[in-house]
Amino acid sequence: EREIAKRALRAISFREEKEKMNVWTARLNLENMYGTEESLEKVLAEAVQYCDPLQVHKRLARVFADTQKIDKAEAQHKLLVKKFRKNHRVWTDYATFLFDQDRGDETRELLDEALRGVPRMDHVQLITKFGQMEFKRGSAERGRTIFDSVVANYPKRVDVWSVYIDMEVGEGDQRAVRRVMDRATSLNLSTKKMKFLFTKYLDYEKEHGTEESATKVKEKARDYIRKKASA
């Protein structure tokens, strides 16, 4: 099987990076299952010469996790956040791994460390991803705290408001959903952004609320338009 894998690698065009990565992953899998630590290290050393080292280590982390070699998987994640600390995805991958191991509490410290490594331009995306993970797999209250801090600092980021609202809708607490919707639709943003937020709010009330609650949203939207027109 090793010889087949080697022949496949020689046959694959260097342009076909995805296929090449898949074959190297298969070789790493083989060595993990049937080889020794030394043979695995040898294949790893070869793989990072022919493929993107970031992707190779990510694949190896997944190989270890899938075969319940948790310590080795975590060692790969630690190596990734050390070597590629500016890449926000290595931090979210590590956080996902920790949630998989029922160690979500550790992601809070991890986020602080990530913010010290990732460029400021990627901070909002990074924090939002951690907030989503908290909502889906950890503590909704912690998720709210994370999102509240983001929208307080970046109130014009309608994309973040939208994700926050979706997370609350997923939780199913109507008061919490309306709390966020009311805050978002009380902002004084561009007409385009406000239209998006009001439409999202109205769609929610049509599906989950009453005719009265939908009318309140329509009236609030009309108030916004009136204020905008007289400004």
# chains A, B, ... in the order shown; residues from 1 in each chain; ligands from 1

$ select_by_dssp --residues "range 17-225 of chain A" --states "helix (DSSP H, G or I)" --output "MDAnalysis selection string"
chainID A and resid 17:34 37:50 53:66 70:83 88:100 106:117 120:137 140:153 158:171 174:184 191:208 211:225

$ residues_around --residues "Gly131 in chain A" --least-positions-apart "4" --cutoff "7 Å" --atoms "only C-alpha atoms" --output "JSON, numbers by chain"
{"A": [127, 135, 143, 146, 147]}

$ residues_around --residues "Glu41 in chain A" --least-positions-apart "5" --cutoff "12 Å" --atoms "only C-alpha atoms" --output "JSON, numbers by chain"
{"A": [27, 28, 29, 31, 32, 35, 36, 46, 47, 48, 57, 60]}

$ residues_around --residues "range 150-152 of chain A" --least-positions-apart "3" --cutoff "8 Å" --atoms "only C-alpha atoms" --output "ChimeraX atom specification"
/A:124,127-128,146-147,155-157,160-161

$ write_last_selection --atoms "C-alpha atoms" --output "PDB file, in the first residue's frame"
ATOM      1  CA  VAL A 124     -14.073  40.370  14.830  1.00  0.00           C
ATOM      2  CA  ILE A 127     -14.339  36.423  18.312  1.00  0.00           C
ATOM      3  CA  THR A 128     -17.584  35.799  16.435  1.00  0.00           C
ATOM      4  CA  ILE A 146     -18.928  37.505  23.676  1.00  0.00           C
ATOM      5  CA  PHE A 147     -21.394  38.843  21.103  1.00  0.00           C
ATOM      6  CA  PRO A 155     -22.170  48.423  16.189  1.00  0.00           C
ATOM      7  CA  LYS A 156     -22.132  48.916  12.413  1.00  0.00           C
ATOM      8  CA  ARG A 157     -21.214  45.275  11.731  1.00  0.00           C
ATOM      9  CA  VAL A 160     -22.268  40.195  13.377  1.00  0.00           C
ATOM     10  CA  TRP A 161     -25.721  41.350  14.494  1.00  0.00           C
TER      11      TRP A 161
END

$ atom_distance --atom1 "CA of Glu219 in chain A" --atom2 "CA of Leu197 in chain A"
14.0 Å

$ closest_residue --among "A:Asp166, A:Met121, A:Cys51, A:Tyr34" --to "Glu16 in chain A" --atoms "only C-alpha atoms"
A:Cys51

$ closest_residue --among "A:Ile225, A:Met194, A:Met33, A:Leu202" --to "Asp66 in chain A" --atoms "only C-alpha atoms"
A:Met33

$ closest_residue --among "A:Arg144, A:Arg226, A:Lys218, A:Lys136" --to "Arg179 in chain A" --atoms "only C-alpha atoms"
A:Arg144

$ residues_around --residues "range 206-208 of chain A" --least-positions-apart "5" --cutoff "10 Å" --atoms "only C-alpha atoms" --output "MDAnalysis selection string"
chainID A and resid 169 172 174 201 213:215

$ atom_distance --atom1 "CA of Gly117 in chain A" --atom2 "CA of His88 in chain A"
8.5 Å

$ residues_around --residues "Val118 in chain A" --least-positions-apart "2" --cutoff "10 Å" --atoms "only C-alpha atoms" --output "VMD selection string"
chain A and resid 81 84 to 89 91 113 to 116 120 to 123 126

$ write_last_selection --atoms "N, CA, C and O atoms" --output "JSON list (two decimals), in the first residue's frame"
[["chain", "number", "residue", "atom", "x", "y", "z"],
["A", 81, "VAL", "N", -0.84, 26.48, 16.50],
["A", 81, "VAL", "CA", -1.05, 27.85, 17.01],
["A", 81, "VAL", "C", 0.27, 28.53, 17.36],
["A", 81, "VAL", "O", 0.33, 29.76, 17.45],
["A", 84, "PHE", "N", 1.75, 29.07, 13.37],
["A", 84, "PHE", "CA", 0.90, 29.85, 12.47],
["A", 84, "PHE", "C", -0.06, 30.72, 13.27],
["A", 84, "PHE", "O", -1.24, 30.79, 12.99],
["A", 85, "ARG", "N", 0.48, 31.39, 14.27],
["A", 85, "ARG", "CA", -0.36, 32.09, 15.25],
["A", 85, "ARG", "C", -1.15, 33.25, 14.63],
["A", 85, "ARG", "O", -2.16, 33.68, 15.18],
["A", 86, "LYS", "N", -0.74, 33.74, 13.48],
["A", 86, "LYS", "CA", -1.47, 34.85, 12.84],
["A", 86, "LYS", "C", -2.69, 34.36, 12.06],
["A", 86, "LYS", "O", -3.52, 35.16, 11.64],
["A", 87, "ASN", "N", -2.79, 33.06, 11.86],
["A", 87, "ASN", "CA", -3.90, 32.48, 11.11],
["A", 87, "ASN", "C", -5.06, 32.19, 12.05],
["A", 87, "ASN", "O", -4.96, 31.31, 12.92],
["A", 88, "HIS", "N", -6.18, 32.90, 11.90],
["A", 88, "HIS", "CA", -7.28, 32.76, 12.85],
["A", 88, "HIS", "C", -7.90, 31.37, 12.83],
["A", 88, "HIS", "O", -8.46, 30.90, 13.82],
["A", 89, "ARG", "N", -7.79, 30.66, 11.68],
["A", 89, "ARG", "CA", -8.43, 29.35, 11.58],
["A", 89, "ARG", "C", -7.77, 28.30, 12.46],
["A", 89, "ARG", "O", -8.44, 27.37, 12.94],
["A", 91, "TRP", "N", -6.70, 28.72, 15.41],
["A", 91, "TRP", "CA", -7.24, 28.93, 16.75],
["A", 91, "TRP", "C", -8.66, 28.38, 16.86],
["A", 91, "TRP", "O", -9.01, 27.75, 17.87],
["A", 113, "GLU", "N", -5.46, 34.27, 24.21],
["A", 113, "GLU", "CA", -4.15, 34.02, 23.59],
["A", 113, "GLU", "C", -4.23, 34.28, 22.08],
["A", 113, "GLU", "O", -3.32, 34.87, 21.49],
["A", 114, "ALA", "N", -5.34, 33.84, 21.47],
["A", 114, "ALA", "CA", -5.53, 34.03, 20.03],
["A", 114, "ALA", "C", -5.53, 35.50, 19.65],
["A", 114, "ALA", "O", -4.94, 35.90, 18.64],
["A", 115, "LEU", "N", -6.17, 36.32, 20.46],
["A", 115, "LEU", "CA", -6.26, 37.75, 20.16],
["A", 115, "LEU", "C", -4.90, 38.43, 20.22],
["A", 115, "LEU", "O", -4.69, 39.49, 19.61],
["A", 116, "ARG", "N", -3.98, 37.82, 20.95],
["A", 116, "ARG", "CA", -2.61, 38.37, 21.00],
["A", 116, "ARG", "C", -1.81, 37.98, 19.76],
["A", 116, "ARG", "O", -0.79, 38.60, 19.45],
["A", 120, "ARG", "N", -5.24, 42.40, 14.06],
["A", 120, "ARG", "CA", -6.45, 43.09, 14.52],
["A", 120, "ARG", "C", -7.57, 43.02, 13.48],
["A", 120, "ARG", "O", -8.74, 42.93, 13.83],
["A", 121, "MET", "N", -7.23, 43.04, 12.20],
["A", 121, "MET", "CA", -8.25, 43.02, 11.16],
["A", 121, "MET", "C", -9.08, 41.73, 11.18],
["A", 121, "MET", "O", -10.19, 41.71, 10.65],
["A", 122, "ASP", "N", -8.56, 40.68, 11.80],
["A", 122, "ASP", "CA", -9.28, 39.41, 11.87],
["A", 122, "ASP", "C", -9.95, 39.18, 13.23],
["A", 122, "ASP", "O", -10.55, 38.12, 13.45],
["A", 123, "HIS", "N", -9.84, 40.14, 14.14],
["A", 123, "HIS", "CA", -10.35, 39.94, 15.50],
["A", 123, "HIS", "C", -11.86, 39.71, 15.54],
["A", 123, "HIS", "O", -12.33, 38.82, 16.25],
["A", 126, "LEU", "N", -12.72, 36.25, 14.35],
["A", 126, "LEU", "CA", -12.26, 35.27, 15.34],
["A", 126, "LEU", "C", -13.19, 35.22, 16.55],
["A", 126, "LEU", "O", -13.66, 34.14, 16.95]]

$ atom_distance --atom1 "CA of Val158 in chain A" --atom2 "CA of Gln125 in chain A"
12.6 Å
